[in-house]
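What follows is protein22.txt (compact mmCIF, C-alpha atoms).
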```txt
# COMPACT_ATOMS: atom_id res chain seq x y z
CA MET A 15 -2.76 -47.13 24.66
CA THR A 16 -4.46 -43.73 25.15
CA LEU A 17 -5.37 -41.11 22.58
CA ASP A 18 -4.67 -37.52 23.56
CA LEU A 19 -7.52 -35.45 22.05
CA HIS A 20 -5.56 -32.20 22.17
CA ARG A 21 -2.77 -33.73 20.12
CA LEU A 22 -5.33 -35.31 17.83
CA TRP A 23 -6.88 -31.85 17.27
CA ILE A 24 -3.46 -30.43 16.37
CA PHE A 25 -2.74 -33.36 14.03
CA LEU A 26 -6.07 -32.84 12.25
CA HIS A 27 -5.24 -29.18 11.65
CA VAL A 28 -1.85 -30.14 10.20
CA ILE A 29 -3.59 -32.45 7.73
CA GLU A 30 -6.33 -29.95 6.86
CA GLN A 31 -3.88 -27.04 6.48
CA GLN A 32 -1.37 -29.27 4.63
CA GLY A 33 1.57 -28.13 6.71
CA PHE A 34 2.95 -27.50 10.20
CA SER A 35 3.43 -23.75 9.73
CA ALA A 36 -0.08 -23.18 8.36
CA ALA A 37 -1.55 -25.25 11.21
CA ALA A 38 0.48 -23.28 13.74
CA GLN A 39 -0.92 -19.99 12.41
CA LYS A 40 -4.46 -21.36 12.52
CA LEU A 41 -4.01 -22.59 16.11
CA PHE A 42 -2.00 -19.57 17.31
CA MET A 43 0.88 -21.85 18.26
CA SER A 44 4.55 -21.97 17.34
CA GLN A 45 5.58 -24.26 14.51
CA PRO A 46 8.01 -26.26 16.72
CA SER A 47 5.25 -26.80 19.28
CA VAL A 48 2.89 -28.14 16.63
CA SER A 49 5.58 -30.46 15.27
CA ASN A 50 6.41 -31.67 18.78
CA GLN A 51 2.78 -32.45 19.63
CA VAL A 52 2.29 -34.45 16.42
CA ARG A 53 5.51 -36.37 17.04
CA LYS A 54 4.37 -37.21 20.58
CA LEU A 55 1.06 -38.44 19.14
CA GLU A 56 2.97 -40.69 16.74
CA GLU A 57 5.13 -41.99 19.59
CA SER A 58 2.10 -42.78 21.75
CA LEU A 59 0.43 -44.67 18.89
CA ARG A 60 3.74 -46.21 17.73
CA ILE A 61 3.00 -45.38 14.10
CA THR A 62 4.09 -42.76 11.57
CA LEU A 63 1.18 -40.48 10.74
CA ILE A 64 2.87 -37.97 8.43
CA ASP A 65 5.29 -38.51 5.57
CA ARG A 66 7.95 -35.83 5.97
CA SER A 67 10.20 -37.02 3.13
CA SER A 68 9.22 -34.22 0.73
CA ALA A 69 8.79 -30.47 0.94
CA ARG A 70 5.00 -30.81 1.15
CA ILE A 71 3.79 -33.02 3.98
CA ARG A 72 1.16 -35.66 3.38
CA PRO A 73 -0.47 -38.24 5.64
CA THR A 74 0.57 -41.85 5.59
CA ALA A 75 -2.15 -44.45 5.06
CA GLU A 76 -2.47 -44.70 8.85
CA GLY A 77 -2.52 -40.92 9.17
CA GLU A 78 -5.22 -40.55 6.54
CA LEU A 79 -7.40 -43.10 8.35
CA LEU A 80 -6.84 -41.42 11.72
CA ALA A 81 -7.67 -37.99 10.25
CA GLU A 82 -10.99 -39.34 8.98
CA TYR A 83 -11.87 -40.66 12.43
CA ALA A 84 -10.64 -37.43 14.05
CA SER A 85 -13.02 -35.40 11.88
CA ARG A 86 -15.88 -37.59 13.05
CA VAL A 87 -14.80 -37.31 16.70
CA PHE A 88 -14.77 -33.51 16.70
CA LEU A 89 -17.94 -33.28 14.65
CA LEU A 90 -19.61 -35.47 17.28
CA ALA A 91 -18.28 -33.14 19.97
CA ASP A 92 -19.89 -30.18 18.18
CA GLU A 93 -23.14 -32.11 17.96
CA ALA A 94 -22.98 -32.82 21.69
CA VAL A 95 -22.75 -29.09 22.36
CA SER A 96 -25.67 -28.49 19.99
CA ALA A 97 -27.76 -31.13 21.77
CA VAL A 98 -27.10 -29.49 25.14
CA GLN A 99 -27.94 -26.08 23.71
CA GLN A 100 -31.34 -27.42 22.67
CA LEU A 101 -32.27 -27.06 26.34
CA SER A 102 -31.37 -23.36 26.53
CA GLY A 103 -33.36 -22.12 23.56
CA LEU A 104 -32.23 -19.08 21.55
CA GLN A 105 -31.20 -16.66 24.28
CA THR A 106 -27.50 -17.04 23.53
CA GLY A 107 -25.41 -18.97 21.02
CA ARG A 108 -23.45 -18.77 17.82
CA LEU A 109 -24.46 -19.24 14.19
CA VAL A 110 -22.00 -19.85 11.36
CA VAL A 111 -23.61 -20.03 7.92
CA GLY A 112 -21.92 -20.96 4.66
CA GLY A 113 -22.79 -19.35 1.34
CA SER A 114 -21.65 -19.85 -2.23
CA THR A 115 -20.12 -16.66 -3.60
CA THR A 116 -23.14 -15.06 -5.27
CA VAL A 117 -25.60 -16.19 -2.60
CA GLY A 118 -23.24 -15.30 0.24
CA THR A 119 -22.64 -11.83 -1.17
CA TYR A 120 -26.11 -10.79 -2.33
CA LEU A 121 -28.56 -12.87 -0.26
CA LEU A 122 -27.12 -13.81 3.12
CA PRO A 123 -26.42 -10.30 4.48
CA ASP A 124 -30.12 -9.36 4.27
CA LEU A 125 -31.16 -12.70 5.77
CA LEU A 126 -28.69 -12.43 8.64
CA ALA A 127 -29.87 -8.88 9.36
CA GLU A 128 -33.43 -10.19 9.73
CA TYR A 129 -32.15 -13.11 11.80
CA ARG A 130 -30.38 -10.72 14.17
CA GLU A 131 -33.58 -8.73 14.66
CA ARG A 132 -35.36 -11.92 15.72
CA HIS A 133 -32.54 -13.35 17.81
CA PRO A 134 -30.29 -10.51 19.04
CA GLY A 135 -28.51 -12.79 21.52
CA ILE A 136 -27.08 -15.03 18.77
CA GLU A 137 -23.69 -14.19 17.23
CA SER A 138 -23.96 -14.55 13.45
CA HIS A 139 -21.06 -15.24 11.09
CA VAL A 140 -20.86 -16.14 7.40
CA LEU A 141 -18.22 -18.10 5.46
CA VAL A 142 -18.29 -17.46 1.71
CA GLY A 143 -16.60 -19.42 -1.06
CA ASN A 144 -17.42 -21.13 -4.33
CA ASN A 145 -19.51 -24.29 -4.20
CA SER A 146 -16.50 -26.59 -3.87
CA THR A 147 -15.24 -24.63 -0.88
CA VAL A 148 -18.64 -24.48 0.83
CA THR A 149 -19.03 -28.24 0.39
CA GLN A 150 -15.76 -28.68 2.29
CA TYR A 151 -16.98 -26.31 5.02
CA LEU A 152 -20.03 -28.52 5.48
CA MET A 153 -18.15 -31.82 5.31
CA ASN A 154 -15.49 -30.63 7.78
CA GLY A 155 -18.11 -29.38 10.22
CA GLU A 156 -16.98 -25.73 9.95
CA VAL A 157 -20.59 -24.77 9.18
CA GLY A 158 -23.77 -26.67 9.93
CA VAL A 159 -25.99 -24.95 7.36
CA ALA A 160 -25.28 -23.33 4.00
CA VAL A 161 -27.22 -21.63 1.23
CA VAL A 162 -25.80 -22.26 -2.23
CA ALA A 163 -26.65 -21.88 -5.89
CA GLY A 164 -27.51 -25.23 -7.42
CA THR A 165 -27.92 -28.55 -5.64
CA PRO A 166 -25.30 -30.41 -3.58
CA GLY A 167 -23.43 -33.20 -5.36
CA GLU A 168 -22.02 -34.85 -2.23
CA ALA A 169 -24.07 -37.87 -1.08
CA ARG A 170 -23.64 -36.99 2.60
CA LEU A 171 -25.31 -33.62 2.09
CA VAL A 172 -29.03 -33.01 1.83
CA GLY A 173 -30.41 -29.92 0.10
CA GLU A 174 -33.86 -28.43 -0.32
CA PRO A 175 -34.78 -25.80 -2.93
CA VAL A 176 -35.81 -22.49 -1.40
CA LEU A 177 -35.43 -19.77 -4.07
CA GLU A 178 -34.55 -19.28 -7.72
CA ASP A 179 -31.93 -17.19 -9.46
CA ARG A 180 -31.72 -16.29 -13.14
CA MET A 181 -28.63 -15.43 -15.16
CA VAL A 182 -28.61 -12.40 -17.46
CA LEU A 183 -26.21 -11.45 -20.26
CA VAL A 184 -24.56 -8.14 -19.41
CA ALA A 185 -22.30 -5.69 -21.22
CA PRO A 186 -21.04 -2.15 -20.71
CA PRO A 187 -23.27 0.63 -22.12
CA GLY A 188 -22.55 1.31 -25.76
CA HIS A 189 -21.37 -2.21 -26.52
CA PRO A 190 -21.87 -3.12 -30.23
CA LEU A 191 -24.58 -5.64 -29.22
CA ASP A 192 -26.45 -3.12 -27.07
CA GLY A 193 -29.73 -2.15 -28.73
CA ARG A 194 -29.52 -4.70 -31.55
CA GLY A 195 -32.44 -6.73 -30.32
CA PRO A 196 -32.35 -10.31 -29.00
CA VAL A 197 -28.83 -11.71 -29.09
CA THR A 198 -28.36 -15.06 -30.84
CA GLY A 199 -25.58 -17.57 -30.45
CA GLU A 200 -24.30 -16.62 -33.87
CA MET A 201 -23.98 -12.98 -32.81
CA LEU A 202 -21.73 -14.07 -29.94
CA THR A 203 -19.19 -15.68 -32.27
CA GLY A 204 -15.82 -14.17 -31.51
CA GLU A 205 -17.07 -12.24 -28.48
CA ARG A 206 -14.81 -12.48 -25.44
CA ILE A 207 -16.71 -13.85 -22.43
CA VAL A 208 -15.81 -13.17 -18.81
CA LEU A 209 -16.24 -16.43 -16.87
CA ARG A 210 -16.18 -17.21 -13.17
CA GLU A 211 -13.35 -19.33 -11.78
CA PRO A 212 -13.40 -23.15 -12.19
CA GLY A 213 -15.17 -24.80 -9.25
CA SER A 214 -17.85 -22.13 -9.19
CA GLN A 215 -21.43 -23.21 -9.80
CA THR A 216 -21.88 -20.00 -11.82
CA ARG A 217 -19.06 -21.12 -14.12
CA SER A 218 -20.86 -24.42 -14.77
CA VAL A 219 -24.10 -22.59 -15.61
CA GLN A 220 -22.26 -20.12 -17.85
CA GLU A 221 -20.64 -22.91 -19.86
CA LEU A 222 -23.86 -24.94 -20.14
CA THR A 223 -25.86 -21.89 -21.23
CA LEU A 224 -23.31 -20.86 -23.85
CA ALA A 225 -23.13 -24.42 -25.18
CA GLY A 226 -26.92 -24.44 -25.43
CA TRP A 227 -26.67 -21.33 -27.58
CA GLY A 228 -24.12 -23.05 -29.81
CA VAL A 229 -21.17 -21.08 -28.43
CA GLU A 230 -18.37 -23.58 -27.85
CA ALA A 231 -14.99 -22.67 -26.31
CA PRO A 232 -15.27 -18.88 -26.80
CA PRO A 233 -12.29 -16.62 -26.07
CA HIS A 234 -12.61 -15.86 -22.39
CA THR A 235 -11.22 -14.16 -19.31
CA ASP A 236 -11.45 -15.86 -15.89
CA ALA A 237 -12.55 -13.71 -12.96
CA TRP A 238 -12.61 -14.78 -9.32
CA GLY A 239 -15.96 -13.79 -7.82
CA PRO A 240 -18.89 -11.70 -9.07
CA GLU A 241 -17.44 -8.31 -8.09
CA VAL A 242 -14.29 -8.89 -10.15
CA LEU A 243 -16.40 -10.23 -13.00
CA LYS A 244 -18.55 -7.09 -13.07
CA ARG A 245 -15.51 -4.82 -13.04
CA CYS A 246 -14.02 -6.77 -15.94
CA VAL A 247 -17.20 -6.27 -17.96
CA ARG A 248 -17.36 -2.56 -17.08
CA ALA A 249 -13.73 -2.21 -18.14
CA GLY A 250 -14.52 -3.66 -21.58
CA LEU A 251 -12.75 -7.02 -21.12
CA GLY A 252 -15.79 -8.91 -22.37
CA ILE A 253 -19.46 -9.61 -21.78
CA SER A 254 -20.78 -12.11 -19.27
CA LEU A 255 -23.61 -14.15 -17.82
CA ILE A 256 -24.22 -13.30 -14.18
CA SER A 257 -26.97 -13.48 -11.57
CA GLU A 258 -29.64 -10.84 -12.04
CA HIS A 259 -29.33 -10.05 -8.33
CA ALA A 260 -25.59 -9.49 -8.55
CA VAL A 261 -26.05 -6.62 -11.06
CA ALA A 262 -29.16 -4.96 -9.61
CA ASP A 263 -27.25 -1.86 -8.44
CA GLU A 264 -25.24 -1.56 -11.66
CA LEU A 265 -28.38 -1.74 -13.80
CA LEU A 266 -30.00 1.01 -11.73
CA ALA A 267 -26.86 3.14 -12.01
CA GLY A 268 -26.56 2.50 -15.74
CA THR A 269 -22.99 1.18 -15.53
CA LEU A 270 -24.06 -2.14 -17.04
CA VAL A 271 -26.86 -3.12 -19.43
CA VAL A 272 -28.69 -6.38 -19.98
CA LEU A 273 -28.55 -7.80 -23.50
CA PRO A 274 -31.84 -9.59 -24.23
CA THR A 275 -31.27 -13.08 -25.65
CA GLU A 276 -33.22 -15.02 -28.24
CA GLN A 277 -33.13 -18.10 -26.01
CA PRO A 278 -34.02 -17.22 -22.42
CA THR A 279 -31.77 -18.50 -19.65
CA GLU A 280 -33.12 -21.20 -17.37
CA PRO A 281 -33.53 -20.31 -13.69
CA ARG A 282 -31.20 -22.08 -11.30
CA VAL A 283 -32.25 -23.27 -7.90
CA VAL A 284 -30.91 -21.87 -4.64
CA SER A 285 -30.65 -24.61 -2.02
CA LEU A 286 -30.56 -24.81 1.75
CA VAL A 287 -27.96 -27.48 2.55
CA ARG A 288 -26.80 -29.42 5.62
CA ARG A 289 -25.11 -32.71 6.44
CA ARG A 290 -27.45 -35.67 6.74
CA ASP A 291 -25.82 -36.89 9.93
CA ARG A 292 -25.44 -33.61 11.80
CA ILE A 293 -27.60 -32.59 14.74
CA LEU A 294 -28.38 -28.92 14.26
CA SER A 295 -28.30 -26.38 17.06
CA PRO A 296 -31.34 -24.25 17.93
CA ALA A 297 -29.62 -21.29 16.22
CA GLU A 298 -29.11 -23.31 13.01
CA ASN A 299 -32.67 -24.62 13.04
CA ALA A 300 -34.02 -21.09 13.48
CA PHE A 301 -31.97 -19.91 10.51
CA MET A 302 -33.29 -22.74 8.35
CA GLU A 303 -36.85 -21.77 9.23
CA LEU A 304 -36.13 -18.15 8.28
CA VAL A 305 -34.78 -19.22 4.88
CA ARG A 306 -37.80 -21.46 4.27
CA GLU A 307 -40.11 -18.49 4.88
CA GLN A 308 -38.63 -16.52 1.98
CA ARG A 309 -40.95 -16.25 -1.01
CA SER A 310 -38.63 -14.06 -3.08
CA TRP A 311 -35.02 -12.91 -3.03
CA PRO A 312 -34.69 -10.07 -0.47
CA GLY A 313 -34.25 -6.79 -2.32
CA ALA A 314 -35.31 -8.31 -5.64
CA THR A 315 -37.68 -5.41 -6.30
CA ARG A 316 -34.66 -3.14 -6.80
CA ALA A 317 -33.90 -4.83 -10.11
```
Using structure tokens, write down the structure from this file.
Amino acid sequence: MTLDLHRLWIFLHVIEQQGFSAAAQKLFMSQPSVSNQVRKLEESLRITLIDRSSARIRPTAEGELLAEYASRVFLLADEAVSAVQQLSGLQTGRLVVGGSTTVGTYLLPDLLAEYRERHPGIESHVLVGNNSTVTQYLMNGEVGVAVVAGTPGEARLVGEPVLEDRMVLVAPPGHPLDGRGPVTGEMLTGERIVLREPGSQTRSVQELTLAGWGVEAPPHTDAWGPEVLKRCVRAGLGISLISEHAVADELLAGTLVVLPTEQPTEPRVVSLVRRRDRILSPAENAFMELVREQRSWPGATRA
């Protein structure tokens, strides 16, 4: 019995994309071709890998086990390439960095610009998502290194604190709480709060902070990402807790104001994260060293 790695690669994409059509788009193949390759893989192994009995495909027990091994096989292949690249230094290569939404939007661009100045031969790319999404990027091997708010909760990931970020309470200019002195939890009773989407580390911090102020289950509006959140606040849909770095430009422009609070917010850690079992490429190691050199958030003096 032989295992065709090309067909295994296609099968893994079908599982990860949760469908033949989505996998076909990802692989730039036709849907019938993807289906045919998976069926041939099943025939060669003499087992059913995918349950096709419902509208949404799902792996069988055998398929789920094979997908887990397939992920490890292709991660090992990436590590083999990284090990070989160790011999060629940093003249050429490719860097893909993950970033949680706030960090990826307001920190990574400046860091990657500095990285490019140091290593112009390296192609740099960034994948941004909330913490849950970035964790999956790391676990699936789509990125080798990520910078996220908070600390990783997955046991197979290792994180090291590199910077800090503090949340501030913001409102549009002229809000009834603007200029009334330090805001207390009692003053927030009945105020609509704009919250980040579930799965975001910012959302967790927002809820914990509000609970610490005695504000339980306030009326709220969900917003996906910091840019949408800021626009909601500016439009008068509520007030919000957000990273001080995310609103630096708005505070300078006067389109948002910070409401001082009686109880200060606790800083949250920003972590450099990687898989414990992954061999990093020279490009990834160089990026980690650049992040470790940072003593403050790039551009923080603007705020």
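Between atom CA of A:Ser85 and atom CA of A:Leu26 there is a distance of 7.4 Å.
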> Which residues come within 10 Å of A:Gln308, counting only C-alpha atoms, excluding same-chain residues fewer than 5 positions away, as an MDAnalysis selection string?
Replying inline: chainID A and resid 125 176:177 303
> Contacts of A:Arg288 at 12 Å or less, counting all atoms listed in the file, minus same-chain residues fewer than 2 places along, as a PyMOL selection string?
Replying inline: chain A and resi 111-113+148-162+165-166+168-174+285-286+290-295+298-299+301-302
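Distances to A:Gly239 were evaluated for A:Thr119, A:Ser49, A:Gln220, A:Thr203 using only C-alpha atoms, and the minimum falls at A:Thr119.
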> Within 8 Å of stretch 34-45 of chain A, counting all atoms listed in the file, which residues qualify if same-chain residues fewer than 6 places away don't, as a ChimeraX atom specification?
Replying inline: /A:24,27-28
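You can rank A:Asp263, A:Leu121, A:Gly195, A:Val110 by their closest distance to A:Ser310 using all atoms listed in the file, and at the top of that list sits A:Leu121.
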Completed stretch 109-125 of chain A (N, CA, C and O atoms) as an mmCIF file, in the frame of the given file:
```
data_model
loop_
_atom_site.group_PDB
_atom_site.id
_atom_site.type_symbol
_atom_site.label_atom_id
_atom_site.label_comp_id
_atom_site.auth_asym_id
_atom_site.auth_seq_id
_atom_site.Cartn_x
_atom_site.Cartn_y
_atom_site.Cartn_z
ATOM 1 N N LEU A 109 -24.036 -18.709 15.481
ATOM 2 C CA LEU A 109 -24.460 -19.240 14.190
ATOM 3 C C LEU A 109 -23.396 -18.957 13.156
ATOM 4 O O LEU A 109 -22.984 -17.810 12.981
ATOM 5 N N VAL A 110 -22.926 -20.013 12.480
ATOM 6 C CA VAL A 110 -22.000 -19.850 11.360
ATOM 7 C C VAL A 110 -22.661 -20.445 10.129
ATOM 8 O O VAL A 110 -22.971 -21.642 10.105
ATOM 9 N N VAL A 111 -22.913 -19.616 9.134
ATOM 10 C CA VAL A 111 -23.610 -20.030 7.920
ATOM 11 C C VAL A 111 -22.640 -19.981 6.745
ATOM 12 O O VAL A 111 -21.840 -19.052 6.625
ATOM 13 N N GLY A 112 -22.713 -20.975 5.878
ATOM 14 C CA GLY A 112 -21.920 -20.960 4.660
ATOM 15 C C GLY A 112 -22.756 -20.441 3.495
ATOM 16 O O GLY A 112 -23.984 -20.579 3.479
ATOM 17 N N GLY A 113 -22.093 -19.845 2.531
ATOM 18 C CA GLY A 113 -22.790 -19.350 1.340
ATOM 19 C C GLY A 113 -21.902 -19.398 0.129
ATOM 20 O O GLY A 113 -20.735 -18.997 0.203
ATOM 21 N N SER A 114 -22.415 -19.931 -0.984
ATOM 22 C CA SER A 114 -21.650 -19.850 -2.230
ATOM 23 C C SER A 114 -21.512 -18.374 -2.598
ATOM 24 O O SER A 114 -22.263 -17.528 -2.120
ATOM 25 N N THR A 115 -20.565 -18.043 -3.445
ATOM 26 C CA THR A 115 -20.120 -16.660 -3.600
ATOM 27 C C THR A 115 -21.260 -15.681 -3.901
ATOM 28 O O THR A 115 -21.428 -14.669 -3.218
ATOM 29 N N THR A 116 -22.056 -15.981 -4.911
ATOM 30 C CA THR A 116 -23.140 -15.060 -5.270
ATOM 31 C C THR A 116 -24.181 -14.988 -4.167
ATOM 32 O O THR A 116 -24.604 -13.902 -3.754
ATOM 33 N N VAL A 117 -24.586 -16.145 -3.667
ATOM 34 C CA VAL A 117 -25.600 -16.190 -2.600
ATOM 35 C C VAL A 117 -25.070 -15.540 -1.330
ATOM 36 O O VAL A 117 -25.767 -14.764 -0.667
ATOM 37 N N GLY A 118 -23.819 -15.857 -0.974
ATOM 38 C CA GLY A 118 -23.240 -15.300 0.240
ATOM 39 C C GLY A 118 -23.058 -13.803 0.182
ATOM 40 O O GLY A 118 -23.123 -13.120 1.208
ATOM 41 N N THR A 119 -22.864 -13.264 -1.014
ATOM 42 C CA THR A 119 -22.640 -11.830 -1.170
ATOM 43 C C THR A 119 -23.938 -11.044 -1.271
ATOM 44 O O THR A 119 -24.068 -9.961 -0.681
ATOM 45 N N TYR A 120 -24.913 -11.569 -1.996
ATOM 46 C CA TYR A 120 -26.110 -10.790 -2.330
ATOM 47 C C TYR A 120 -27.394 -11.254 -1.642
ATOM 48 O O TYR A 120 -28.411 -10.564 -1.741
ATOM 49 N N LEU A 121 -27.361 -12.392 -0.946
ATOM 50 C CA LEU A 121 -28.560 -12.870 -0.260
ATOM 51 C C LEU A 121 -28.374 -12.931 1.245
ATOM 52 O O LEU A 121 -29.201 -12.428 2.004
ATOM 53 N N LEU A 122 -27.276 -13.547 1.697
ATOM 54 C CA LEU A 122 -27.120 -13.810 3.120
ATOM 55 C C LEU A 122 -27.060 -12.563 4.005
ATOM 56 O O LEU A 122 -27.598 -12.590 5.118
ATOM 57 N N PRO A 123 -26.427 -11.464 3.589
ATOM 58 C CA PRO A 123 -26.420 -10.300 4.480
ATOM 59 C C PRO A 123 -27.816 -9.833 4.887
ATOM 60 O O PRO A 123 -28.063 -9.534 6.065
ATOM 61 N N ASP A 124 -28.748 -9.774 3.939
ATOM 62 C CA ASP A 124 -30.120 -9.360 4.270
ATOM 63 C C ASP A 124 -30.789 -10.375 5.186
ATOM 64 O O ASP A 124 -31.509 -10.004 6.116
ATOM 65 N N LEU A 125 -30.551 -11.670 4.931
ATOM 66 C CA LEU A 125 -31.160 -12.700 5.770
ATOM 67 C C LEU A 125 -30.596 -12.656 7.189
ATOM 68 O O LEU A 125 -31.341 -12.799 8.168
#
```
